[in-house]
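Colleague: My file is input.txt. It has compact mmCIF, C-alpha atoms:
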```txt
# COMPACT_ATOMS: atom_id res chain seq x y z
CA MET R 1 0.00 0.00 0.00
CA GLN R 2 1.26 3.46 -0.89
CA GLN R 3 2.37 5.72 1.93
CA LYS R 4 0.54 8.97 2.51
CA ALA R 5 2.07 12.07 0.92
CA VAL R 6 3.97 14.37 3.28
CA TRP R 7 4.93 18.05 3.20
CA SER R 8 8.41 19.28 4.12
CA THR R 9 10.05 22.70 4.09
CA ILE R 10 13.52 23.09 2.61
CA ALA R 11 15.52 26.24 3.38
CA MET R 12 17.18 27.58 0.24
CA PRO R 13 18.90 30.90 0.96
CA GLN R 14 19.85 31.42 -2.71
CA LEU R 15 16.20 31.18 -3.73
CA ARG R 16 15.41 34.90 -3.96
CA CYS R 17 14.64 35.65 -7.60
CA TRP R 18 12.45 34.59 -10.48
CA VAL R 19 15.41 33.20 -12.46
CA CYS R 20 16.33 30.85 -9.59
CA LYS R 21 12.68 29.82 -9.17
CA GLU R 22 12.39 28.90 -12.85
CA LYS R 23 15.63 26.87 -12.76
CA ILE R 24 14.44 24.88 -9.74
CA GLU R 25 10.96 24.31 -11.16
CA ALA R 26 12.38 23.08 -14.49
CA HIS R 27 14.49 20.60 -12.54
CA LEU R 28 11.66 19.41 -10.28
CA PHE R 29 9.35 18.79 -13.23
CA GLN R 30 11.75 16.16 -14.54
CA GLU R 31 13.04 14.69 -11.25
CA LYS R 32 12.22 10.98 -11.02
CA GLY R 33 13.95 9.79 -7.86
CA SER R 34 16.35 6.90 -7.36
CA ASN R 35 13.82 4.28 -8.51
CA ASP R 36 12.90 6.23 -11.64
CA ASP R 37 9.49 6.76 -10.05
CA ALA R 38 8.23 10.33 -9.76
CA GLY R 39 7.47 10.86 -6.10
CA ILE R 40 7.20 14.65 -6.04
CA ILE R 41 3.61 15.84 -6.14
CA LYS R 42 3.84 19.61 -5.89
CA TRP R 43 5.81 22.45 -4.38
CA ILE R 44 5.34 26.03 -3.24
CA ILE R 45 8.28 28.41 -3.54
CA ASN R 46 8.47 31.43 -1.24
CA LEU R 47 11.00 33.86 -2.72
CA ASN R 48 10.68 36.35 0.15
CA ALA R 49 11.51 33.72 2.77
CA GLY R 50 14.03 31.79 0.66
CA ASN R 51 12.41 28.41 1.14
CA MET R 52 10.32 25.82 -0.60
CA ARG R 53 7.50 23.59 0.69
CA ILE R 54 7.44 20.31 -1.15
CA GLN R 55 4.91 17.49 -1.11
CA TYR R 56 6.15 14.00 -1.96
CA TYR R 57 5.56 10.29 -1.43
CA PRO R 58 8.26 9.10 1.02
CA ASP R 59 8.08 5.52 -0.29
CA ARG R 60 9.04 6.76 -3.78
CA ILE R 61 11.54 9.55 -3.04
CA THR R 62 13.23 10.69 0.17
CA LEU R 63 13.78 14.20 1.45
CA ASP R 64 17.54 13.55 1.44
CA TYR R 65 17.34 12.56 -2.23
CA ILE R 66 15.45 15.79 -3.01
CA ARG R 67 18.07 17.87 -1.19
CA VAL R 68 20.94 16.19 -3.07
CA SER R 69 19.05 16.67 -6.31
CA LEU R 70 18.73 20.40 -5.59
CA ASN R 71 22.46 20.49 -4.70
CA ASN R 72 23.22 18.93 -8.08
CA THR R 73 21.26 21.78 -9.69
CA GLY R 74 23.56 24.31 -8.00
CA PHE R 75 21.50 25.29 -4.96
CA ASP R 76 22.07 24.87 -1.23
CA ALA R 77 19.24 22.97 0.46
CA ASP R 78 18.94 23.07 4.25
CA SER R 79 22.43 22.22 5.57
CA THR R 80 23.66 20.57 2.36
CA LYS R 81 25.76 22.63 -0.05
CA ALA R 82 25.51 22.78 -3.83
CA THR R 83 28.04 20.80 -5.83
CA PRO R 84 30.81 23.14 -7.04
CA ASP R 85 30.41 22.25 -10.73
CA ALA R 86 26.66 22.93 -10.72
CA TYR R 87 27.05 26.07 -8.58
CA ASN R 88 29.66 27.55 -10.91
CA ILE R 89 27.31 27.47 -13.91
CA LEU R 90 24.45 29.28 -12.12
CA PRO R 91 23.68 32.81 -13.29
CA PRO R 92 25.31 35.39 -10.96
CA ILE R 93 21.94 36.40 -9.50
CA CYS R 94 21.37 32.83 -8.21
CA ARG R 95 24.67 32.58 -6.36
CA ARG R 96 25.21 32.95 -2.63
CA LYS R 97 25.15 36.43 -1.13
CA GLU R 98 28.79 36.14 -0.03
CA ASP R 99 29.72 35.45 -3.67
CA GLY R 100 27.90 38.58 -4.89
CA GLY R 101 24.64 36.81 -5.74
CA GLY R 102 21.09 37.84 -5.06
CA PRO R 103 19.07 40.83 -6.15
CA GLN R 104 20.90 44.00 -7.08
CA LYS R 105 20.16 47.15 -5.13
CA GLY R 106 17.06 48.87 -6.48
CA LYS R 107 16.25 45.96 -8.83
CA PRO R 108 13.81 43.55 -7.18
CA CYS R 109 13.81 40.18 -8.87
CA ASN R 110 11.17 38.33 -6.84
CA ILE R 111 8.34 39.46 -9.13
CA ASP R 112 7.40 37.66 -12.33
CA PRO R 113 9.03 39.68 -15.15
CA LYS R 114 5.83 39.35 -17.16
CA LEU R 115 3.99 41.35 -14.48
CA GLN R 116 6.51 44.19 -14.26
```
Reformat the file's structure so that it appears as structure tokens.
Modeller:
Amino acid sequence: MQQKAVWSTIAMPQLRCWVCKEKIEAHLFQEKGSNDDAGIIKWIINLNAGNMRIQYYPDRITLDYIRVSLNNTGFDADSTKATPDAYNILPPICRRKEDGGGPQKGKPCNIDPKLQ
């Protein structure tokens, strides 16, 4: 019998702009998990808080697997760090604050560009 879906929150301090949000969503749409079985149901990204709520089936995909998957996309997830190769190809705006990433002063990037 299938386990019940659960919600978890993942802190992602780099997740502050629309570009980062679109990169993560493109990755999550195709993520299949270690058994090649899509276990992610849906997610809610909060750009202002720098986190993501994700709903998944724990018998198909684990939270640790999701974190590592996000790391392999170039993003830090909770206490796990992005892989250097993936991080280095991120656009500058999606990099860590200490590396000069994030929104530029006077240029908010947490609003859908189509609505600006």
Colleague: Extract, using only C-alpha atoms, all DNA, RNA and protein residues at most 10 Å from segment 36-49 of chain R, discarding same-chain residues fewer than 3 positions from it, and format them as a PyMOL selection string.
Modeller: chain R and resi 5-18+20-21+24-25+28-33+52-63+66+109-111
Colleague: Would you mind telling me which residue in R:Asp99, R:Pro92, R:Lys105, R:Asp64 lies nearest to Thr80 of chain R when using all atoms listed in the file?
Modeller: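 Counting all atoms listed in the file, the residue closest to Thr80 of chain R is R:Asp64.
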Colleague: Please report the interatomic distance between atom CA of Lys23 of chain R and atom CA of Asp85 of chain R in Å with one decimal.
Modeller: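 Atom CA of Asp85 of chain R lies at a distance of 15.6 Å from atom CA of Lys23 of chain R.
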Colleague: Tell me, as an MDAnalysis selection string, which residues lie within 9 Å of Arg95 of chain R, counting only C-alpha atoms; anything in the same chain fewer than 6 positions away does not count.
Modeller: chainID R and resid 14:15 74:75 87:88 101:102
Colleague: Between atom CA of Pro84 of chain R and atom CA of Gly100 of chain R, what is the distance, to one decimal in Å?
Modeller: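 Atom-to-atom, atom CA of Pro84 of chain R and atom CA of Gly100 of chain R are spaced 15.9 Å apart.
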Colleague: Mind pulling up the distance from atom CA of Lys4 of chain R to atom CA of Lys81 of chain R?
Modeller: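 Interatomic distance, atom CA of Lys81 of chain R to atom CA of Lys4 of chain R: 28.8 Å.
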